[in-house]
Structure formats: C-alpha cells, structure tokens
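With mmCIF, C-alpha atoms and all ligand atoms inside, this is start04.cif:
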```
data_structure
#
loop_
_atom_site.label_atom_id
_atom_site.label_comp_id
_atom_site.auth_asym_id
_atom_site.auth_seq_id
_atom_site.Cartn_x
_atom_site.Cartn_y
_atom_site.Cartn_z
CA MET A 9 94.55 90.08 123.80
CA SER A 10 97.41 90.34 121.31
CA GLU A 11 99.37 92.14 124.02
CA ASP A 12 99.39 88.88 125.99
CA VAL A 13 101.32 86.94 123.39
CA PRO A 14 104.83 88.24 124.17
CA ASP A 15 104.17 87.80 127.90
CA ILE A 16 103.19 84.18 127.47
CA ALA A 17 106.28 83.53 125.38
CA LEU A 18 108.45 85.26 127.96
CA GLU A 19 106.88 83.35 130.80
CA LEU A 20 107.35 80.02 129.02
CA ARG A 21 111.00 80.84 128.48
CA ARG A 22 111.34 81.62 132.19
CA HIS A 23 109.76 78.31 133.14
CA LEU A 24 111.96 76.41 130.78
CA ALA A 25 115.07 78.16 132.05
CA TRP A 26 114.43 77.05 135.60
CA GLN A 27 112.95 73.65 134.88
CA GLU A 28 115.65 72.56 132.46
CA SER A 29 116.79 69.03 133.16
CA ASP A 30 114.69 68.43 136.25
CA GLY A 31 111.61 66.77 134.80
CA THR A 32 109.21 69.35 136.17
CA ARG A 33 107.43 69.76 132.86
CA THR A 34 106.33 66.14 132.91
CA LEU A 35 105.19 66.52 136.48
CA LEU A 36 103.10 69.56 135.70
CA LYS A 37 100.85 67.36 133.54
CA ASP A 38 100.28 64.87 136.36
CA PRO A 39 96.79 65.66 137.74
CA SER A 40 97.70 64.19 141.14
CA LEU A 41 100.39 66.82 141.46
CA GLN A 42 98.32 69.83 140.56
CA PRO A 43 98.29 72.55 143.20
CA ARG A 44 95.82 72.18 146.04
CA VAL A 45 92.92 74.51 146.53
CA VAL A 46 93.98 77.12 149.06
CA PRO A 47 92.05 79.81 150.87
CA PRO A 48 91.88 83.21 149.18
CA PRO A 49 94.57 85.74 150.04
CA ALA A 50 93.98 88.14 152.85
CA SER A 51 92.82 91.38 151.31
CA ARG A 52 95.32 94.17 151.34
CA SER A 53 94.40 97.57 152.56
CA PRO A 54 94.46 100.14 149.77
CA SER A 55 97.68 102.07 150.02
CA PRO A 56 98.69 105.42 148.61
CA ALA A 57 102.08 105.46 146.94
CA PRO A 58 104.33 107.83 148.80
CA VAL A 59 107.79 108.63 147.53
CA GLY A 60 110.58 106.72 149.25
CA GLU A 61 110.47 103.64 151.38
CA GLY A 62 107.68 104.54 153.76
CA ARG A 63 104.50 102.92 152.60
CA GLY A 64 102.12 105.40 154.10
CA LYS A 65 99.32 102.90 154.31
CA SER A 66 96.91 102.08 157.02
CA VAL A 67 98.46 99.67 159.47
CA PRO A 68 96.77 96.34 160.05
CA GLN A 69 96.33 95.27 163.64
CA ALA A 70 98.88 92.47 163.44
CA LEU A 71 101.55 95.04 162.76
CA ALA A 72 100.99 96.68 166.09
CA GLN A 73 103.09 93.76 167.37
CA GLN A 74 106.22 94.83 165.52
CA PRO A 75 109.41 94.24 167.47
CA ALA A 76 110.69 97.79 167.42
CA ALA A 77 111.49 98.88 170.94
CA SER A 78 109.04 101.71 170.45
CA GLY A 79 106.42 99.44 168.89
CA ALA A 80 106.38 101.79 165.88
CA ILE A 81 106.49 100.74 162.25
CA ARG A 82 109.76 101.94 160.75
CA THR A 83 110.86 102.32 157.18
CA LEU A 84 113.56 100.05 155.79
CA ASP A 85 115.96 103.02 155.90
CA GLU A 86 115.22 103.57 159.56
CA ILE A 87 115.67 99.89 160.32
CA ARG A 88 119.00 99.84 158.48
CA THR A 89 120.10 102.91 160.44
CA GLU A 90 119.12 101.26 163.70
CA LEU A 91 121.10 98.14 162.75
CA GLY A 92 124.13 100.37 162.29
CA ASP A 93 127.54 98.72 162.45
CA CYS A 94 125.95 95.87 164.36
CA LYS A 95 127.96 94.09 167.04
CA ARG A 96 125.00 92.40 168.69
CA CYS A 97 126.36 88.90 168.07
CA LYS A 98 129.62 87.16 167.25
CA LEU A 99 128.94 87.08 163.50
CA CYS A 100 130.27 90.63 163.37
CA GLU A 101 133.77 89.27 163.95
CA GLY A 102 134.15 87.47 160.64
CA ARG A 103 131.95 89.44 158.31
CA LYS A 104 133.16 91.84 155.65
CA GLN A 105 129.89 93.73 155.70
CA ILE A 106 126.28 93.55 156.77
CA VAL A 107 123.90 92.19 154.12
CA PHE A 108 120.65 93.90 154.98
CA GLY A 109 118.29 93.13 152.11
CA VAL A 110 117.59 94.13 148.55
CA GLY A 111 114.64 94.90 146.34
CA ASN A 112 111.37 96.70 146.27
CA PRO A 113 110.48 98.23 149.64
CA ARG A 114 106.84 97.94 148.62
CA ALA A 115 107.10 94.36 147.38
CA GLU A 116 104.07 92.12 147.53
CA LEU A 117 106.35 89.11 147.62
CA VAL A 118 109.31 88.68 149.98
CA PHE A 119 111.85 85.85 150.00
CA VAL A 120 113.63 85.15 153.27
CA GLY A 121 116.81 83.06 153.22
CA GLU A 122 119.20 81.89 155.88
CA GLY A 123 122.26 84.10 155.89
CA PRO A 124 124.84 85.58 153.53
CA GLY A 125 127.46 83.37 151.95
CA GLU A 126 130.90 84.37 150.74
CA GLU A 127 129.79 86.25 147.64
CA GLU A 128 126.99 88.03 149.48
CA ASP A 129 129.46 89.06 152.19
CA LYS A 130 131.73 90.49 149.47
CA GLN A 131 129.01 92.34 147.59
CA GLY A 132 126.70 93.29 150.46
CA ILE A 133 123.71 91.94 148.52
CA PRO A 134 121.72 88.80 149.41
CA PHE A 135 121.54 85.85 147.05
CA VAL A 136 124.14 86.80 144.47
CA GLY A 137 126.20 83.58 144.60
CA ALA A 138 125.32 80.22 143.04
CA ALA A 139 122.21 79.74 145.21
CA GLY A 140 121.25 83.32 144.41
CA GLN A 141 121.42 82.67 140.70
CA LEU A 142 119.02 79.78 141.14
CA LEU A 143 116.76 81.95 143.29
CA THR A 144 116.72 84.59 140.55
CA LYS A 145 115.65 81.92 138.03
CA MET A 146 112.94 80.74 140.41
CA ILE A 147 111.65 84.30 140.83
CA GLU A 148 111.64 84.86 137.08
CA ALA A 149 109.98 81.48 136.46
CA MET A 150 107.19 82.76 138.71
CA GLY A 151 106.77 85.74 136.40
CA PHE A 152 108.41 88.32 138.67
CA LYS A 153 111.50 90.39 138.12
CA ARG A 154 114.08 90.19 140.88
CA ASP A 155 113.78 93.91 141.57
CA GLU A 156 110.00 93.65 141.96
CA VAL A 157 110.35 91.47 145.05
CA TYR A 158 112.32 91.91 148.26
CA ILE A 159 115.02 89.49 149.38
CA CYS A 160 116.58 89.24 152.82
CA ASN A 161 117.93 86.73 155.29
CA VAL A 162 117.36 85.60 158.85
CA VAL A 163 120.89 86.67 159.83
CA LYS A 164 122.47 89.67 158.17
CA CYS A 165 126.11 88.64 158.58
CA ARG A 166 127.92 85.70 157.06
CA PRO A 167 128.40 82.76 159.42
CA PRO A 168 132.08 81.75 159.21
CA GLY A 169 132.71 79.07 156.60
CA ASN A 170 129.00 79.15 155.75
CA ARG A 171 128.11 77.20 158.86
CA ASN A 172 124.52 77.26 160.06
CA PRO A 173 123.51 80.32 162.07
CA GLU A 174 123.35 79.58 165.79
CA GLY A 175 120.44 80.24 168.12
CA ASP A 176 121.92 83.33 169.77
CA GLU A 177 122.78 84.81 166.36
CA ILE A 178 119.28 84.23 165.06
CA GLN A 179 117.84 85.72 168.20
CA ALA A 180 119.99 88.84 167.91
CA CYS A 181 118.99 89.41 164.29
CA GLU A 182 115.35 88.38 164.42
CA PRO A 183 113.98 91.78 165.50
CA PHE A 184 115.45 93.28 162.34
CA LEU A 185 113.92 90.63 160.10
CA LYS A 186 110.57 91.15 161.77
CA ALA A 187 110.91 94.90 161.39
CA GLN A 188 111.74 94.51 157.69
CA LEU A 189 108.67 92.36 157.13
CA GLY A 190 106.58 94.81 159.12
CA ALA A 191 107.82 97.72 157.01
CA ILE A 192 107.19 95.97 153.72
CA ARG A 193 104.05 94.15 154.77
CA PRO A 194 104.02 91.91 151.68
CA ARG A 195 101.10 89.85 150.56
CA VAL A 196 103.16 86.65 150.62
CA ILE A 197 106.42 85.58 152.24
CA VAL A 198 108.39 82.66 150.84
CA ALA A 199 110.55 81.14 153.56
CA LEU A 200 113.55 79.53 151.93
CA GLY A 201 114.71 76.57 153.96
CA LYS A 202 114.60 75.44 157.54
CA PHE A 203 116.05 78.51 159.23
CA ALA A 204 113.70 80.99 157.63
CA ALA A 205 110.62 78.82 158.08
CA GLN A 206 111.37 77.76 161.64
CA THR A 207 112.38 81.25 162.76
CA LEU A 208 109.34 82.98 161.33
CA LEU A 209 106.88 80.31 162.38
CA ARG A 210 108.50 79.64 165.76
CA VAL A 211 108.40 75.90 165.27
CA ASP A 212 111.03 73.21 165.02
CA THR A 213 109.17 71.11 162.49
CA PRO A 214 111.50 69.85 159.75
CA ILE A 215 111.36 71.72 156.46
CA THR A 216 110.39 68.47 154.72
CA ARG A 217 107.11 68.67 156.63
CA LEU A 218 106.65 72.43 156.51
CA ARG A 219 107.22 72.90 152.80
CA GLY A 220 104.26 73.27 150.51
CA GLN A 221 101.81 74.12 153.31
CA TRP A 222 100.40 77.61 153.66
CA ARG A 223 101.09 79.14 157.05
CA ALA A 224 100.67 82.60 158.47
CA TYR A 225 103.24 84.99 159.86
CA GLU A 226 101.72 88.01 161.63
CA GLY A 227 98.69 87.74 159.36
CA ILE A 228 100.83 87.44 156.22
CA GLN A 229 100.57 84.29 154.13
CA LEU A 230 103.79 82.33 154.30
CA MET A 231 104.90 79.48 152.07
CA PRO A 232 107.86 77.44 153.29
CA THR A 233 109.93 75.78 150.59
CA TYR A 234 113.37 74.35 150.07
CA HIS A 235 116.41 76.61 150.08
CA PRO A 236 118.01 77.08 146.65
CA ALA A 237 121.37 75.89 148.02
CA TYR A 238 119.69 72.61 148.94
CA LEU A 239 118.15 72.44 145.47
CA LEU A 240 121.60 72.82 143.95
CA ARG A 241 122.72 69.80 145.96
CA GLN A 242 119.49 67.84 145.39
CA PRO A 243 118.18 68.86 141.96
CA ASP A 244 115.46 66.19 142.08
CA GLU A 245 113.80 68.21 144.83
CA LYS A 246 113.26 71.14 142.45
CA LYS A 247 109.96 69.58 141.42
CA LYS A 248 108.59 69.98 144.94
CA ALA A 249 109.91 73.52 145.24
CA TRP A 250 108.29 74.38 141.93
CA MET A 251 104.98 73.02 143.19
CA ASP A 252 105.32 75.28 146.26
CA LEU A 253 106.08 78.29 144.08
CA GLN A 254 103.09 77.53 141.89
CA GLU A 255 100.92 77.85 144.99
CA VAL A 256 102.41 81.28 145.51
CA MET A 257 101.81 82.20 141.87
CA LYS A 258 98.16 81.31 142.26
CA LYS A 259 97.85 83.88 145.03
CA PHE A 260 98.94 86.47 142.49
CA GLY A 261 96.61 85.13 139.81
CA ARG A 262 99.57 83.75 137.84
CA GLU A 263 98.72 80.28 136.65
CA PRO A 264 101.68 78.36 135.30
CA LYS A 265 101.54 78.03 131.53
CA LYS A 266 101.48 74.40 130.43
N1 LIG A 301 121.99 81.71 151.10
C1 LIG A 301 121.17 82.46 151.88
O1 LIG A 301 120.42 81.93 152.68
N2 LIG A 301 121.20 83.75 151.72
C2 LIG A 301 121.98 84.37 150.87
O2 LIG A 301 121.93 85.60 150.80
C3 LIG A 301 122.82 83.59 150.07
C4 LIG A 301 122.81 82.26 150.19
#
```
Can you dump the structure from the file as structure tokens?
Amino acid sequence: MSEDVPDIALELRRHLAWQESDGTRTLLKDPSLQPRVVPPPASRSPSPAPVGEGRGKSVPQALAQQPAASGAIRTLDEIRTELGDCKRCKLCEGRKQIVFGVGNPRAELVFVGEGPGEEEDKQGIPFVGAAGQLLTKMIEAMGFKRDEVYICNVVKCRPPGNRNPEGDEIQACEPFLKAQLGAIRPRVIVALGKFAAQTLLRVDTPITRLRGQWRAYEGIQLMPTYHPAYLLRQPDEKKKAWMDLQEVMKKFGREPKK
C-alpha cells in the first residue's frame, strides 16, 4: 500500500495542474455531476508483445473492415510508408510537412484531433502548440504519460491559416486515420472536437450533443469531447471536458482522486 502514496500525490498534482482556475474541483463534489454508470469495456484479446510496431495479436472481426485497399491490417510504419509524400488533396500545397501521429503504437488510449496547426506543421508532431500543451495536461490529469498514448489527427496536413478541414480533404485522409486506429486497436478513442467525432462516427450531430456520450467506432469505445483549442477559448467548458475524461478514466479503473 505504501507504494501508492507517491502515485496519489502525483495524480493530485496532475489534476490540480489542469483544473487550476476553472472551478472543476468544486464541481467534482457535486453529486449530480458525478460520472454516469456506463457499460463495461469490451474485453481485449490477449496480445503477445512483439518487437516493433506490429501488434501481433489476434484480429477482432470488426478490423476485417479496415480501409486498406488490400483489406489487410498494416503496421503504423507501413501506413506511413503508404502515405508517402502525399498529394491526395490540396492541403499538400501549403504544408511544410506531413504530421502523421505520435506516441505508443500499442496504446490503449488514442486521442484524435482535427488537423495540424502552425507549430505542428513546423515540428511534424501533433499537438505541440498551445492546444497541445493543454492536451498534454489533460492526458497527465488522467494519469497517463503523453508517450503512453497515441495522438493523431483527422487530416495530416495543416489547413492554410488554420481554417477548418474541408470535406474532400477529410475524405482523402480518412483511410489513413482508419488504418492507424486499426493498427493500434486501442481500448478507447477520445475524439477531440467536432471534426474527429463527426468523421469517426459518420454523423453531423453537433459536438455539444455528442460530447460526454459513449459511442462505438468499429467496436472500439469512443468518447467525444471538446477540442483543447476550444477549451482555450472557452475555459468554462473545461468542466464538461473533465467530466468526459473522467468517464474514460473509469474505463481504465482510474477513479479521480477527490
Ligand atoms: N489541433 C489539432 O486538432 N491537432 C493538432 O495537432 C494541433 C492542434
């Protein structure tokens, strides 16, 4: 038991770091705002731990529907190779580089954002700008390290001036997102914002209605929540996002410390 003490302290510090100045701590005590009871997670098939990105596990049926032209499950390396110096849509014209994804290829938790911004385009890594710093705090507040999870976007190239990705751009990139999720096969996907949630769920329901409700993507549990960039603009909404993330934590047996 004594081993738990530093973890609890660490976790509390993480919560406080993210919740600072947004009133979430008060909300956590409000019984009416406690997380809902949700169905148990889908059980994961036991997987050996091969070296490299390939997961070498048995493939659930839902994955047979992966979008690879061949229908085969590919590793992240193979998917990146297939993406190549992509010119499949007009976003290639303004980008500095493709921002494929970052993190643990065997992650149990994947965050999907919208598309790279200026800093991501410069560095080639998703979520490294201001919104990315908030996302990192959110991940750590949940008790994960950033490199334990996987982070990617709906579109892999920066839309000029950070405009919203357009339908044809999303369509061109979607097979690669689906292939990434099929390769990783996480236990939970967190869809950050409207574009991630609507693309993965194939709905046009507003994110205000989608957020906080468990959905399924190809048999994987998916939690839509607000995008960190939105939370930077609307800090009062962090409380709702934190409630959504607590639902995710429960799936991993991580109760928020009060
Ligand atoms: N916003 C996103 O949706 N993705 C990033 O990588 C950065 C900001």
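When CA of Glu128 (chain A) is paired with CA of Val107 (chain A), their separation reads 7.0 Å.
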Sorted by chain and rising residue number, list the residues of chain A at most 12 Å from ligand LIG 301 (chain A) (counting only C-alpha atoms and all ligand atoms), each with its closest atom pair and distance in Å to one decimal, as CSV.
```
residue,atom,partner,partner_atom,distance
A:Ile106,CA,A:LIG301,O2,10.9
A:Val107,CA,A:LIG301,O2,7.6
A:Phe108,CA,A:LIG301,O2,9.4
A:Gly109,CA,A:LIG301,O2,8.5
A:Val110,CA,A:LIG301,O2,9.8
A:Phe119,CA,A:LIG301,N2,9.7
A:Val120,CA,A:LIG301,O1,7.5
A:Gly121,CA,A:LIG301,O1,3.8
A:Glu122,CA,A:LIG301,O1,3.4
A:Gly123,CA,A:LIG301,O1,4.3
A:Pro124,CA,A:LIG301,O2,4.0
A:Gly125,CA,A:LIG301,C3,5.0
A:Glu126,CA,A:LIG301,C3,8.1
A:Glu127,CA,A:LIG301,C3,7.8
A:Glu128,CA,A:LIG301,O2,5.8
A:Asp129,CA,A:LIG301,O2,8.4
A:Lys130,CA,A:LIG301,O2,11.0
A:Gln131,CA,A:LIG301,O2,10.3
A:Gly132,CA,A:LIG301,O2,9.1
A:Ile133,CA,A:LIG301,O2,7.0
A:Pro134,CA,A:LIG301,O2,3.5
A:Phe135,CA,A:LIG301,O2,3.8
A:Val136,CA,A:LIG301,C3,6.6
A:Gly137,CA,A:LIG301,C3,6.4
A:Ala138,CA,A:LIG301,C4,7.8
A:Ala139,CA,A:LIG301,C4,5.6
A:Gly140,CA,A:LIG301,C3,5.9
A:Gln141,CA,A:LIG301,C3,9.5
A:Leu142,CA,A:LIG301,C4,10.1
A:Leu143,CA,A:LIG301,C4,9.2
A:Thr144,CA,A:LIG301,C3,11.4
A:Tyr158,CA,A:LIG301,O2,11.8
A:Ile159,CA,A:LIG301,O2,8.1
A:Cys160,CA,A:LIG301,O2,6.8
A:Asn161,CA,A:LIG301,N2,5.7
A:Val162,CA,A:LIG301,O1,7.8
A:Val163,CA,A:LIG301,O1,8.6
A:Lys164,CA,A:LIG301,O2,8.4
A:Cys165,CA,A:LIG301,O2,9.3
A:Arg166,CA,A:LIG301,O2,8.7
A:Pro167,CA,A:LIG301,C1,10.5
A:Asn170,CA,A:LIG301,N1,8.8
A:Arg171,CA,A:LIG301,N1,10.9
A:Asn172,CA,A:LIG301,O1,9.6
A:Pro173,CA,A:LIG301,O1,10.0
A:Ala199,CA,A:LIG301,O1,9.9
A:Leu200,CA,A:LIG301,O1,7.3
A:Gly201,CA,A:LIG301,O1,7.9
A:Lys202,CA,A:LIG301,O1,10.0
A:Phe203,CA,A:LIG301,O1,8.6
A:Ala204,CA,A:LIG301,O1,8.4
A:Ala205,CA,A:LIG301,O1,11.6
A:Tyr234,CA,A:LIG301,O1,10.7
A:His235,CA,A:LIG301,O1,7.2
A:Pro236,CA,A:LIG301,N1,7.6
A:Ala237,CA,A:LIG301,N1,6.6
A:Tyr238,CA,A:LIG301,N1,9.6
A:Leu239,CA,A:LIG301,N1,11.5
A:Leu240,CA,A:LIG301,C4,11.4
```
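The closest residue to Leu91 (chain A), picked from A:Phe184, A:Asn112, A:Asp176, A:Lys104 and counting all atoms listed in the file, is A:Phe184.
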Check your understanding: Hey, can you check how far CA of Pro243 (chain A) sits from CA of Ile215 (chain A)?
Key ->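 Straight-line distance from CA of Pro243 (chain A) to CA of Ile215 (chain A) works out to 16.3 Å.
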Exercise for review: Grab the CA of Glu156 (chain A) to CA of Arg114 (chain A) distance for me, in Å with one decimal place.
Suggested key: 8.5 Å
Check your understanding: From the list A:Lys258, A:Asp212, A:Gln206, A:Glu101, which residue is nearest Thr233 (chain A) when using all atoms listed in the file?
Key ->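 Closest residue, counting all atoms listed in the file: A:Gln206.
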Should you be able to, write region 171-204 of chain A of this structure into a file that contains N, CA, C and O atoms, as a short mmCIF file (atom, residue, chain, number, x, y, z; two decimals), in the first residue's frame.
```cif
data_model
loop_
_atom_site.label_atom_id
_atom_site.label_comp_id
_atom_site.auth_asym_id
_atom_site.auth_seq_id
_atom_site.Cartn_x
_atom_site.Cartn_y
_atom_site.Cartn_z
N ARG A 171 -7.59 27.14 -41.07
CA ARG A 171 -9.02 27.02 -41.35
C ARG A 171 -9.47 25.58 -41.09
O ARG A 171 -8.64 24.68 -40.92
N ASN A 172 -10.79 25.40 -41.06
CA ASN A 172 -11.32 24.05 -40.87
C ASN A 172 -10.96 23.17 -42.07
O ASN A 172 -10.95 23.65 -43.20
N PRO A 173 -10.71 21.90 -41.83
CA PRO A 173 -10.51 21.00 -42.98
C PRO A 173 -11.82 20.86 -43.77
O PRO A 173 -12.91 20.86 -43.19
N GLU A 174 -11.68 20.76 -45.08
CA GLU A 174 -12.86 20.66 -45.94
C GLU A 174 -13.18 19.18 -46.22
O GLU A 174 -12.33 18.31 -46.05
N GLY A 175 -14.42 18.98 -46.70
CA GLY A 175 -14.91 17.62 -46.89
C GLY A 175 -14.01 16.74 -47.73
O GLY A 175 -13.72 15.59 -47.38
N ASP A 176 -13.52 17.31 -48.85
CA ASP A 176 -12.69 16.49 -49.75
C ASP A 176 -11.34 16.16 -49.09
O ASP A 176 -10.77 15.09 -49.34
N GLU A 177 -10.87 17.06 -48.25
CA GLU A 177 -9.59 16.83 -47.55
C GLU A 177 -9.75 15.73 -46.49
O GLU A 177 -8.90 14.83 -46.35
N ILE A 178 -10.87 15.81 -45.79
CA ILE A 178 -11.15 14.79 -44.77
C ILE A 178 -11.30 13.42 -45.44
O ILE A 178 -10.75 12.42 -44.97
N GLN A 179 -11.99 13.45 -46.55
CA GLN A 179 -12.24 12.19 -47.27
C GLN A 179 -10.93 11.57 -47.76
O GLN A 179 -10.73 10.35 -47.70
N ALA A 180 -10.02 12.42 -48.24
CA ALA A 180 -8.75 11.90 -48.75
C ALA A 180 -7.91 11.30 -47.63
O ALA A 180 -7.16 10.33 -47.82
N CYS A 181 -8.00 11.88 -46.45
CA CYS A 181 -7.14 11.45 -45.33
C CYS A 181 -7.76 10.35 -44.48
O CYS A 181 -7.05 9.64 -43.76
N GLU A 182 -9.06 10.23 -44.53
CA GLU A 182 -9.77 9.33 -43.62
C GLU A 182 -9.26 7.88 -43.66
O GLU A 182 -9.14 7.24 -42.61
N PRO A 183 -8.94 7.35 -44.86
CA PRO A 183 -8.47 5.96 -44.86
C PRO A 183 -7.21 5.77 -44.01
O PRO A 183 -7.00 4.69 -43.44
N PHE A 184 -6.40 6.82 -43.92
CA PHE A 184 -5.17 6.70 -43.13
C PHE A 184 -5.46 6.76 -41.64
O PHE A 184 -4.85 6.04 -40.85
N LEU A 185 -6.41 7.60 -41.27
CA LEU A 185 -6.83 7.62 -39.86
C LEU A 185 -7.41 6.27 -39.47
O LEU A 185 -7.07 5.70 -38.42
N LYS A 186 -8.27 5.75 -40.33
CA LYS A 186 -8.89 4.46 -40.01
C LYS A 186 -7.84 3.36 -39.94
O LYS A 186 -7.91 2.48 -39.08
N ALA A 187 -6.86 3.43 -40.82
CA ALA A 187 -5.80 2.43 -40.80
C ALA A 187 -4.97 2.55 -39.51
O ALA A 187 -4.58 1.55 -38.90
N GLN A 188 -4.70 3.78 -39.10
CA GLN A 188 -3.95 3.97 -37.84
C GLN A 188 -4.71 3.35 -36.66
O GLN A 188 -4.12 2.64 -35.84
N LEU A 189 -6.01 3.64 -36.62
CA LEU A 189 -6.80 3.11 -35.49
C LEU A 189 -6.90 1.59 -35.56
O LEU A 189 -6.91 0.90 -34.54
N GLY A 190 -6.93 1.08 -36.79
CA GLY A 190 -6.96 -0.38 -36.96
C GLY A 190 -5.66 -1.03 -36.55
O GLY A 190 -5.64 -2.16 -36.05
N ALA A 191 -4.55 -0.34 -36.79
CA ALA A 191 -3.24 -0.88 -36.42
C ALA A 191 -3.05 -0.87 -34.91
O ALA A 191 -2.50 -1.80 -34.33
N ILE A 192 -3.51 0.21 -34.30
CA ILE A 192 -3.30 0.35 -32.85
C ILE A 192 -4.35 -0.46 -32.08
O ILE A 192 -4.05 -1.08 -31.08
N ARG A 193 -5.57 -0.38 -32.59
CA ARG A 193 -6.68 -1.07 -31.94
C ARG A 193 -6.72 -0.76 -30.43
O ARG A 193 -6.58 -1.65 -29.58
N PRO A 194 -6.92 0.52 -30.10
CA PRO A 194 -6.91 0.89 -28.67
C PRO A 194 -8.17 0.40 -27.96
O PRO A 194 -9.13 -0.01 -28.62
N ARG A 195 -8.14 0.50 -26.67
CA ARG A 195 -9.35 0.18 -25.92
C ARG A 195 -10.36 1.34 -26.01
O ARG A 195 -11.56 1.13 -26.06
N VAL A 196 -9.83 2.55 -25.99
CA VAL A 196 -10.69 3.74 -26.02
C VAL A 196 -10.10 4.78 -26.97
O VAL A 196 -8.89 5.00 -26.99
N ILE A 197 -10.98 5.43 -27.72
CA ILE A 197 -10.61 6.58 -28.54
C ILE A 197 -11.28 7.81 -27.94
O ILE A 197 -12.48 7.77 -27.64
N VAL A 198 -10.51 8.88 -27.77
CA VAL A 198 -11.12 10.16 -27.40
C VAL A 198 -11.11 11.03 -28.66
O VAL A 198 -10.04 11.31 -29.22
N ALA A 199 -12.29 11.40 -29.10
CA ALA A 199 -12.41 12.25 -30.29
C ALA A 199 -12.48 13.69 -29.82
O ALA A 199 -13.40 14.09 -29.10
N LEU A 200 -11.46 14.46 -30.22
CA LEU A 200 -11.34 15.83 -29.74
C LEU A 200 -12.01 16.78 -30.74
O LEU A 200 -11.46 17.08 -31.79
N GLY A 201 -13.20 17.21 -30.40
CA GLY A 201 -13.88 18.20 -31.22
C GLY A 201 -14.73 17.60 -32.32
O GLY A 201 -14.75 16.39 -32.58
N LYS A 202 -15.41 18.51 -32.98
CA LYS A 202 -16.42 18.17 -33.98
C LYS A 202 -15.86 17.34 -35.14
O LYS A 202 -16.48 16.35 -35.55
N PHE A 203 -14.70 17.71 -35.65
CA PHE A 203 -14.24 17.02 -36.86
C PHE A 203 -13.87 15.57 -36.58
O PHE A 203 -14.19 14.68 -37.36
N ALA A 204 -13.20 15.35 -35.46
CA ALA A 204 -12.84 13.98 -35.12
C ALA A 204 -14.09 13.15 -34.83
O ALA A 204 -14.26 12.04 -35.33
#
```
